[in-house]
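Visitor: Below is one structure. I have some questions about it.
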Amino acid sequence: MKVCVIGARGGSKGLKNKNIKELLGKPLIAWSIETALQSKYIDEVYISTDCKDIAETAERYGAKVEFMRPDELANDSAGKWEVWQHALSELNKLKDGKIDTYIDLDCTSPLRDVSDIDRAIELYENSKCDGVFSVCEARKNPYFNVVEANSEGFFEMSKTLANPIVRRQDAPKVYEHVASIYVMGADYIKNGTGLLSGETIGYDIGQEKCFDVDSELDFELVEYFMRKKLHEQSKR
């Protein structure tokens, strides 16, 4: 059984109430719920939240709320992995342990398409790995144009090779972790200690879909790209 869980805590500080903030006519979380429900692989869509308003909003758009997230997993210090373990444990009680695949969608990343979700699931199923998560080619490269301060405060390249990179095209390809789609084995979440604690691979979602909402500026950027995306879809 494949379940999708969308996490949305109520105490956002960067942008208050961002998970239910209206984006082009519907709450932000609704975009992820509706996309998950369109997947040809996902059996059920649930919400992990500590907030009654978020829970009620999610249910209006078709997600299920079968448990509430405890306070200790709804603060700034709570890790995503522990939230996943809690949600999986609660759902396994309801499903008699029949869950084999756990899909997490960040509700702050509405630019993904249902085809991205399905391809990530297919990649997971066709690969001998513990999990798949969304990535995109990094816009900055630590071998070429990312610098950090050394112990004396002077800048140097973040990563170096025996032969220094002088052209961007010659730099090893690196990826950004895009907080959008995660597909993992239920046993991996239950027994693992973190996303990279096992054998995980990336699904390249593309730079145009890599934006997520943490601030007002992020929201404006996502709104712009979402409006552009919907406009292009309307012309097809």
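Starting from 1 in every chain, residues are counted up; chains themselves are A, B, ... following the order of the structure tokens, and ligands are numbered from 1 as listed.
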Considering only alpha helix (DSSP H) as DSSP defines it on the backbone, what residues of segment 21-139 of chain A qualify? List them as a PyMOL selection string.

Guide: chain A and resi 28-38+52-60+80-95+114-126

Visitor: Please produce a file of the residues just selected, as a CSV table (one decimal), in the first residue's frame, where the atoms kept are N, CA and C atoms.

Guide:
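Dumped everything to result-v9.csv:
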chain,number,residue,atom,x,y,z
A,28,LEU,N,-2.6,27.2,0.1
A,28,LEU,CA,-1.3,26.6,-0.4
A,28,LEU,C,-1.3,25.1,-0.3
A,29,ILE,N,-1.8,24.6,0.8
A,29,ILE,CA,-1.7,23.2,1.0
A,29,ILE,C,-2.6,22.4,0.0
A,30,ALA,N,-3.7,23.1,-0.5
A,30,ALA,CA,-4.6,22.4,-1.4
A,30,ALA,C,-4.0,22.0,-2.7
A,31,TRP,N,-3.0,22.8,-3.1
A,31,TRP,CA,-2.3,22.4,-4.4
A,31,TRP,C,-1.6,21.1,-4.3
A,32,SER,N,-1.0,20.8,-3.2
A,32,SER,CA,-0.3,19.5,-3.0
A,32,SER,C,-1.3,18.4,-2.8
A,33,ILE,N,-2.4,18.7,-2.1
A,33,ILE,CA,-3.4,17.6,-1.9
A,33,ILE,C,-4.0,17.2,-3.2
A,34,GLU,N,-4.4,18.2,-4.0
A,34,GLU,CA,-5.1,17.9,-5.2
A,34,GLU,C,-4.1,17.1,-6.2
A,35,THR,N,-2.8,17.5,-6.2
A,35,THR,CA,-1.9,16.8,-7.1
A,35,THR,C,-1.7,15.4,-6.6
A,36,ALA,N,-1.6,15.2,-5.3
A,36,ALA,CA,-1.4,13.8,-4.8
A,36,ALA,C,-2.6,12.9,-5.1
A,37,LEU,N,-3.8,13.5,-5.0
A,37,LEU,CA,-5.0,12.7,-5.3
A,37,LEU,C,-5.1,12.3,-6.8
A,38,GLN,N,-4.3,13.0,-7.6
A,38,GLN,CA,-4.3,12.7,-9.1
A,38,GLN,C,-3.4,11.6,-9.4
A,52,LYS,N,-5.7,22.7,14.1
A,52,LYS,CA,-7.1,22.4,13.8
A,52,LYS,C,-7.5,23.1,12.5
A,53,ASP,N,-7.1,24.4,12.2
A,53,ASP,CA,-7.4,25.1,11.0
A,53,ASP,C,-6.9,24.4,9.8
A,54,ILE,N,-5.6,24.0,9.9
A,54,ILE,CA,-5.0,23.3,8.8
A,54,ILE,C,-5.7,21.9,8.5
A,55,ALA,N,-6.0,21.2,9.6
A,55,ALA,CA,-6.7,19.9,9.4
A,55,ALA,C,-8.0,20.1,8.7
A,56,GLU,N,-8.8,21.1,9.1
A,56,GLU,CA,-10.1,21.3,8.5
A,56,GLU,C,-10.0,21.8,7.1
A,57,THR,N,-9.0,22.6,6.8
A,57,THR,CA,-8.8,23.0,5.4
A,57,THR,C,-8.4,21.8,4.5
A,58,ALA,N,-7.5,21.0,5.0
A,58,ALA,CA,-7.0,19.8,4.3
A,58,ALA,C,-8.2,18.8,4.0
A,59,GLU,N,-9.1,18.6,5.0
A,59,GLU,CA,-10.2,17.7,4.8
A,59,GLU,C,-11.1,18.3,3.7
A,60,ARG,N,-11.3,19.6,3.6
A,60,ARG,CA,-12.2,20.2,2.6
A,60,ARG,C,-11.6,19.9,1.2
A,80,LYS,N,12.4,16.4,10.3
A,80,LYS,CA,11.4,15.8,9.4
A,80,LYS,C,11.4,14.3,9.6
A,81,TRP,N,12.5,13.6,9.8
A,81,TRP,CA,12.5,12.2,9.9
A,81,TRP,C,11.7,11.7,11.1
A,82,GLU,N,11.7,12.4,12.2
A,82,GLU,CA,10.9,12.0,13.4
A,82,GLU,C,9.4,12.2,13.1
A,83,VAL,N,9.1,13.2,12.3
A,83,VAL,CA,7.7,13.5,11.9
A,83,VAL,C,7.2,12.3,11.0
A,84,TRP,N,8.1,11.9,10.1
A,84,TRP,CA,7.7,10.8,9.2
A,84,TRP,C,7.5,9.5,10.1
A,85,GLN,N,8.4,9.2,11.0
A,85,GLN,CA,8.3,8.0,11.8
A,85,GLN,C,7.0,8.0,12.6
A,86,HIS,N,6.6,9.2,13.1
A,86,HIS,CA,5.4,9.3,13.9
A,86,HIS,C,4.2,9.0,13.0
A,87,ALA,N,4.2,9.7,11.9
A,87,ALA,CA,3.0,9.5,10.9
A,87,ALA,C,2.9,8.0,10.5
A,88,LEU,N,4.0,7.4,10.1
A,88,LEU,CA,4.0,6.0,9.7
A,88,LEU,C,3.5,5.1,10.8
A,89,SER,N,3.9,5.4,12.0
A,89,SER,CA,3.5,4.5,13.1
A,89,SER,C,2.0,4.6,13.3
A,90,GLU,N,1.5,5.9,13.3
A,90,GLU,CA,0.0,6.1,13.4
A,90,GLU,C,-0.8,5.4,12.3
A,91,LEU,N,-0.3,5.5,11.1
A,91,LEU,CA,-1.0,5.0,10.0
A,91,LEU,C,-0.9,3.4,9.9
A,92,ASN,N,0.2,2.9,10.4
A,92,ASN,CA,0.3,1.4,10.4
A,92,ASN,C,-0.7,0.8,11.4
A,93,LYS,N,-1.0,1.6,12.5
A,93,LYS,CA,-2.1,1.1,13.4
A,93,LYS,C,-3.4,1.0,12.7
A,94,LEU,N,-3.7,1.9,11.8
A,94,LEU,CA,-4.9,2.0,11.1
A,94,LEU,C,-5.0,0.9,10.0
A,95,LYS,N,-3.8,0.7,9.4
A,95,LYS,CA,-3.7,-0.2,8.2
A,95,LYS,C,-3.1,-1.6,8.5
A,114,VAL,N,1.8,16.2,-11.2
A,114,VAL,CA,1.5,14.8,-10.8
A,114,VAL,C,2.4,13.9,-11.6
A,115,SER,N,2.9,14.3,-12.7
A,115,SER,CA,3.8,13.4,-13.5
A,115,SER,C,5.2,13.3,-12.7
A,116,ASP,N,5.5,14.4,-12.0
A,116,ASP,CA,6.8,14.3,-11.2
A,116,ASP,C,6.6,13.3,-10.0
A,117,ILE,N,5.5,13.3,-9.4
A,117,ILE,CA,5.2,12.3,-8.3
A,117,ILE,C,5.2,10.9,-8.8
A,118,ASP,N,4.5,10.7,-9.9
A,118,ASP,CA,4.5,9.3,-10.5
A,118,ASP,C,5.8,8.8,-11.0
A,119,ARG,N,6.6,9.7,-11.6
A,119,ARG,CA,8.0,9.3,-12.0
A,119,ARG,C,8.9,9.0,-10.9
A,120,ALA,N,8.8,9.8,-9.8
A,120,ALA,CA,9.6,9.6,-8.6
A,120,ALA,C,9.2,8.2,-8.0
A,121,ILE,N,8.0,7.9,-8.0
A,121,ILE,CA,7.5,6.6,-7.5
A,121,ILE,C,8.1,5.4,-8.4
A,122,GLU,N,8.0,5.6,-9.7
A,122,GLU,CA,8.5,4.6,-10.6
A,122,GLU,C,10.0,4.5,-10.5
A,123,LEU,N,10.7,5.5,-10.3
A,123,LEU,CA,12.1,5.5,-10.1
A,123,LEU,C,12.5,4.7,-8.9
A,124,TYR,N,11.7,4.9,-7.8
A,124,TYR,CA,11.9,4.1,-6.6
A,124,TYR,C,11.6,2.6,-6.8
A,125,GLU,N,10.5,2.3,-7.5
A,125,GLU,CA,10.2,0.9,-7.7
A,125,GLU,C,11.1,0.2,-8.6
A,126,ASN,N,11.7,0.9,-9.5
A,126,ASN,CA,12.6,0.3,-10.5
A,126,ASN,C,14.1,0.3,-10.1

Visitor: Could you name the residues that touch segment 65-74 of chain A at 6 Å or less, counting only C-alpha atoms, but leaving out those on the same chain fewer than 3 positions away, as a PDB file with C-alpha atoms, in the first residue's frame?

Guide:
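Saved as selection-v2.pdb:
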ATOM      1  CA  ARG A   9       2.570  22.398  11.203  1.00  0.00           C
ATOM      2  CA  TYR A  46      -3.156  12.051   4.773  1.00  0.00           C
ATOM      3  CA  ILE A  47      -2.131  15.168   6.657  1.00  0.00           C
ATOM      4  CA  SER A  48       0.266  15.391   9.585  1.00  0.00           C
ATOM      5  CA  THR A  49      -0.480  18.567  11.495  1.00  0.00           C
ATOM      6  CA  ASP A  50      -0.861  20.006  14.975  1.00  0.00           C
ATOM      7  CA  ALA A  78      11.666  18.906  15.315  1.00  0.00           C
TER       8      ALA A  78
END

Visitor: Run DSSP on the backbone and give me the residues of segment 161-193 of chain A it puts in strand (DSSP E or B), as a PyMOL selection string.

Guide: chain A and resi 175-185

Visitor: Taking into account only C-alpha atoms, which residue in the set A:Asp100, A:Asp43, A:Glu220, A:Asp76 is nearest to Ala63 of chain A?

Guide: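 Ranked by minimum distance to Ala63 of chain A, first place goes to A:Asp43.
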
Visitor: When you draw a straight line from atom CA of Val147 of chain A to atom CA of Thr108 of chain A, how long is it in Å?

Guide: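 So the two atoms, atom CA of Val147 of chain A and atom CA of Thr108 of chain A, lie 28.7 Å apart.
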
Visitor: Leu196 of chain A: which residues within 12 Å, counting only C-alpha atoms, same-chain residues fewer than 3 positions away excluded, as number ranges by chain?

Guide: A: 81, 129-133, 177, 182, 184, 188-189, 192-193, 199-202

Visitor: Could those residues be written to a file, using N, CA and C atoms, as a short mmCIF file (atom, residue, chain, number, x, y, z; two decimals), in the first residue's frame?

Guide:
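selection-v6.cif written:
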data_model
loop_
_atom_site.label_atom_id
_atom_site.label_comp_id
_atom_site.auth_asym_id
_atom_site.auth_seq_id
_atom_site.Cartn_x
_atom_site.Cartn_y
_atom_site.Cartn_z
N TRP A 81 12.51 13.65 9.83
CA TRP A 81 12.54 12.18 9.93
C TRP A 81 11.66 11.68 11.07
N CYS A 129 16.93 0.75 -4.15
CA CYS A 129 17.35 1.80 -3.23
C CYS A 129 16.35 1.89 -2.08
N ASP A 130 16.74 2.64 -1.06
CA ASP A 130 15.86 2.83 0.09
C ASP A 130 14.89 3.98 -0.09
N GLY A 131 15.26 4.93 -0.95
CA GLY A 131 14.39 6.08 -1.12
C GLY A 131 14.82 6.96 -2.28
N VAL A 132 13.88 7.77 -2.73
CA VAL A 132 14.10 8.74 -3.80
C VAL A 132 13.63 10.09 -3.30
N PHE A 133 14.41 11.13 -3.55
CA PHE A 133 13.96 12.47 -3.20
C PHE A 133 14.30 13.44 -4.31
N HIS A 177 19.25 19.78 -2.95
CA HIS A 177 18.15 19.00 -2.38
C HIS A 177 16.90 19.87 -2.46
N TYR A 182 9.36 13.03 -1.69
CA TYR A 182 10.15 11.98 -1.07
C TYR A 182 9.38 10.67 -1.22
N MET A 184 9.84 6.65 -0.11
CA MET A 184 10.71 5.79 0.70
C MET A 184 10.00 4.52 1.12
N TYR A 188 12.43 1.43 5.76
CA TYR A 188 13.56 2.37 5.83
C TYR A 188 13.27 3.50 6.80
N ILE A 189 12.07 4.05 6.74
CA ILE A 189 11.70 5.11 7.67
C ILE A 189 11.66 4.57 9.10
N GLY A 192 15.56 3.49 9.85
CA GLY A 192 16.65 4.38 9.51
C GLY A 192 16.79 5.53 10.49
N THR A 193 17.84 6.32 10.28
CA THR A 193 18.11 7.45 11.18
C THR A 193 18.08 8.80 10.46
N GLU A 199 20.66 4.04 1.27
CA GLU A 199 20.98 4.22 -0.16
C GLU A 199 19.83 4.94 -0.84
N THR A 200 19.99 6.24 -1.02
CA THR A 200 18.95 7.07 -1.62
C THR A 200 19.47 7.70 -2.90
N ILE A 201 18.56 7.95 -3.83
CA ILE A 201 18.91 8.56 -5.10
C ILE A 201 17.99 9.75 -5.38
N GLY A 202 18.37 10.56 -6.38
CA GLY A 202 17.62 11.77 -6.65
C GLY A 202 16.74 11.69 -7.88
#

Visitor: Figure out the distance between atom CA of Ile99 of chain A and atom CA of Asp187 of chain A, please, to one decimal in Å.

Guide: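 Atom CA of Ile99 of chain A lies 9.2 Å from atom CA of Asp187 of chain A.
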
Visitor: Got a sec: who's within 10 Å of Ile205 of chain A, counting only C-alpha atoms, leaving out chain neighbours fewer than 2 positions off, as a PyMOL selection string?

Guide: chain A and resi 111-113+116-117+119-120+133-137+178+180-181+202-203+207-210

Visitor: For those residues, write C-alpha atoms to a file as a tab-separated table (two decimals), in the first residue's frame.

Guide:
chain	number	residue	atom	x	y	z
A	111	LEU	CA	5.02	23.80	-8.47
A	112	ARG	CA	5.46	20.04	-8.90
A	113	ASP	CA	3.24	18.16	-11.36
A	116	ASP	CA	6.77	14.29	-11.17
A	117	ILE	CA	5.19	12.34	-8.32
A	119	ARG	CA	7.96	9.34	-12.05
A	120	ALA	CA	9.59	9.55	-8.63
A	133	PHE	CA	13.96	12.47	-3.20
A	134	SER	CA	13.67	15.47	-5.49
A	135	VAL	CA	16.77	17.38	-6.56
A	136	CYS	CA	17.78	19.83	-9.26
A	137	GLU	CA	21.11	20.80	-10.75
A	178	VAL	CA	14.67	20.20	-3.37
A	180	SER	CA	9.24	18.66	-2.68
A	181	ILE	CA	8.91	14.88	-3.19
A	202	GLY	CA	17.62	11.77	-6.65
A	203	TYR	CA	14.76	12.56	-8.98
A	207	GLN	CA	15.21	24.24	-11.57
A	208	GLU	CA	11.90	25.79	-12.60
A	209	LYS	CA	10.07	23.69	-9.96
A	210	CYS	CA	12.60	23.93	-7.14

Visitor: Select, from A:Thr101, A:Ser109, A:Ser197, A:Ser77, the residue with the minimum atom-to-atom distance to Phe219 of chain A, counting only C-alpha atoms.

Guide: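 Checking each candidate against Phe219 of chain A, we get A:Ser109 as the closest.
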
Visitor: Atom CA of Phe225 of chain A and atom CA of Lys26 of chain A, how far apart in Å?

Guide: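 Atom CA of Phe225 of chain A lies 15.6 Å from atom CA of Lys26 of chain A.
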